Amino acid sequence: TLAVELCRKHGARQGIPGAKLTGRNIGGTVAVLCDKRKNPDIETLLQQITCEYEKQTGKTAQLLTGSSPGALEWNASGVREANLQELHS
C-alpha cells in the first residue's frame with residue numbers, strides 16, 4: 001500500500017526499520033516500527049508521512065502513536081521482563 005511504501009522510503013536510517021499493513025489487508029491500518037534512537041523527532045516524520053499519504057490519496061488519515069507493555073501485562077510465557085524493559089527505554 002502507499003502508506004507502507006512511504007514509511008519504507010524513509011527507512012531505518014531515519015528511524016523507521018519496518019512498516020506493515022495489518023487487518024488481513026482490509027483494515028486500512030499500518031503498523032510502523034520506530035526507533036527514537038535514530039530519530040528523536042520521529043513523530044514529526046510520521047506526521048509528514050501522514051500528510052503525504054493524504055495529499056496523494058485524498059483520504060483522511062489518523063496517526064495514533066504509543067506502545068504498551070504488551071506481553072508483560074498478559075504474563076506471556078517465555079517473555080523475559082528485562083528484555084522488554086530495554087525496548088521501552
# chains A, B, ... in the order shown; residues from 1 in each chain; ligands from 1
>>> residues_around(residues="Leu64 (chain A)", least_positions_apart="3", cutoff="12 Å", atoms="only C-alpha atoms", output="list in words")
Thr29, Val30, Ala31, Val32, Glu43, Leu46, Gln47, Thr50, Ala61 and Ser67 of chain A
>>> select_by_dssp(residues="region 1-60 of chain A", states="helix (DSSP H, G or I)", output="PyMOL selection string")
chain A and resi 2-10+12-14+42-57
>>> write_last_selection(atoms="C-alpha atoms", output="PDB file, in the first residue's frame")
ATOM      1  CA  LEU A   2       1.021   3.603  -0.391  1.00  0.00           C
ATOM      2  CA  ALA A   3       1.259   4.199   3.369  1.00  0.00           C
ATOM      3  CA  VAL A   4       3.674   1.280   3.782  1.00  0.00           C
ATOM      4  CA  GLU A   5       5.703   2.418   0.766  1.00  0.00           C
ATOM      5  CA  LEU A   6       6.001   5.945   2.179  1.00  0.00           C
ATOM      6  CA  CYS A   7       7.236   4.582   5.520  1.00  0.00           C
ATOM      7  CA  ARG A   8       9.698   2.222   3.902  1.00  0.00           C
ATOM      8  CA  LYS A   9      11.009   5.028   1.677  1.00  0.00           C
ATOM      9  CA  HIS A  10      12.355   6.765   4.766  1.00  0.00           C
ATOM     10  CA  ALA A  12      15.865   2.577   9.110  1.00  0.00           C
ATOM     11  CA  ARG A  13      18.316   5.469   8.741  1.00  0.00           C
ATOM     12  CA  GLN A  14      15.511   7.876   9.571  1.00  0.00           C
ATOM     13  CA  ILE A  42      10.077  10.559  14.847  1.00  0.00           C
ATOM     14  CA  GLU A  43       6.581  11.988  15.468  1.00  0.00           C
ATOM     15  CA  THR A  44       7.295  14.838  13.051  1.00  0.00           C
ATOM     16  CA  LEU A  45       8.416  12.398  10.371  1.00  0.00           C
ATOM     17  CA  LEU A  46       5.292  10.280  10.902  1.00  0.00           C
ATOM     18  CA  GLN A  47       3.116  13.387  10.572  1.00  0.00           C
ATOM     19  CA  GLN A  48       4.893  14.266   7.307  1.00  0.00           C
ATOM     20  CA  ILE A  49       4.244  10.749   6.008  1.00  0.00           C
ATOM     21  CA  THR A  50       0.579  11.037   7.042  1.00  0.00           C
ATOM     22  CA  CYS A  51       0.240  14.360   5.200  1.00  0.00           C
ATOM     23  CA  GLU A  52       1.909  12.940   2.084  1.00  0.00           C
ATOM     24  CA  TYR A  53      -0.486   9.976   2.140  1.00  0.00           C
ATOM     25  CA  GLU A  54      -3.494  12.306   2.404  1.00  0.00           C
ATOM     26  CA  LYS A  55      -2.160  14.505  -0.400  1.00  0.00           C
ATOM     27  CA  GLN A  56      -1.652  11.574  -2.775  1.00  0.00           C
ATOM     28  CA  THR A  57      -4.888   9.729  -1.982  1.00  0.00           C
TER      29      THR A  57
END
>>> residues_around(residues="Cys34 (chain A)", least_positions_apart="2", cutoff="8 Å", atoms="only C-alpha atoms", output="list in words")
Gly15, Ile16, Pro17, Gly18, Val32, Lys36 and Ile42 of chain A
>>> write_last_selection(atoms="N, CA and C atoms", output="PDB file, in the first residue's frame")
ATOM      1  N   GLY A  15      14.839   6.207  11.215  1.00  0.00           N
ATOM      2  CA  GLY A  15      14.124   5.752  12.394  1.00  0.00           C
ATOM      3  C   GLY A  15      12.907   4.886  12.140  1.00  0.00           C
ATOM      4  N   ILE A  16      12.738   4.400  10.902  1.00  0.00           N
ATOM      5  CA  ILE A  16      11.613   3.511  10.588  1.00  0.00           C
ATOM      6  C   ILE A  16      12.152   2.214   9.998  1.00  0.00           C
ATOM      7  N   PRO A  17      12.485   1.252  10.861  1.00  0.00           N
ATOM      8  CA  PRO A  17      13.021  -0.011  10.347  1.00  0.00           C
ATOM      9  C   PRO A  17      11.972  -0.946   9.764  1.00  0.00           C
ATOM     10  N   GLY A  18      10.682  -0.645   9.962  1.00  0.00           N
ATOM     11  CA  GLY A  18       9.669  -1.530   9.400  1.00  0.00           C
ATOM     12  C   GLY A  18       8.282  -0.925   9.401  1.00  0.00           C
ATOM     13  N   VAL A  32       3.718   0.687  12.258  1.00  0.00           N
ATOM     14  CA  VAL A  32       5.042   1.205  11.917  1.00  0.00           C
ATOM     15  C   VAL A  32       5.960   1.019  13.119  1.00  0.00           C
ATOM     16  N   LYS A  36      13.399   5.695  18.120  1.00  0.00           N
ATOM     17  CA  LYS A  36      13.688   7.067  18.530  1.00  0.00           C
ATOM     18  C   LYS A  36      15.173   7.312  18.735  1.00  0.00           C
ATOM     19  N   ILE A  42      10.766  11.481  15.750  1.00  0.00           N
ATOM     20  CA  ILE A  42      10.077  10.559  14.847  1.00  0.00           C
ATOM     21  C   ILE A  42       8.612  10.957  14.624  1.00  0.00           C
TER      22      ILE A  42
END
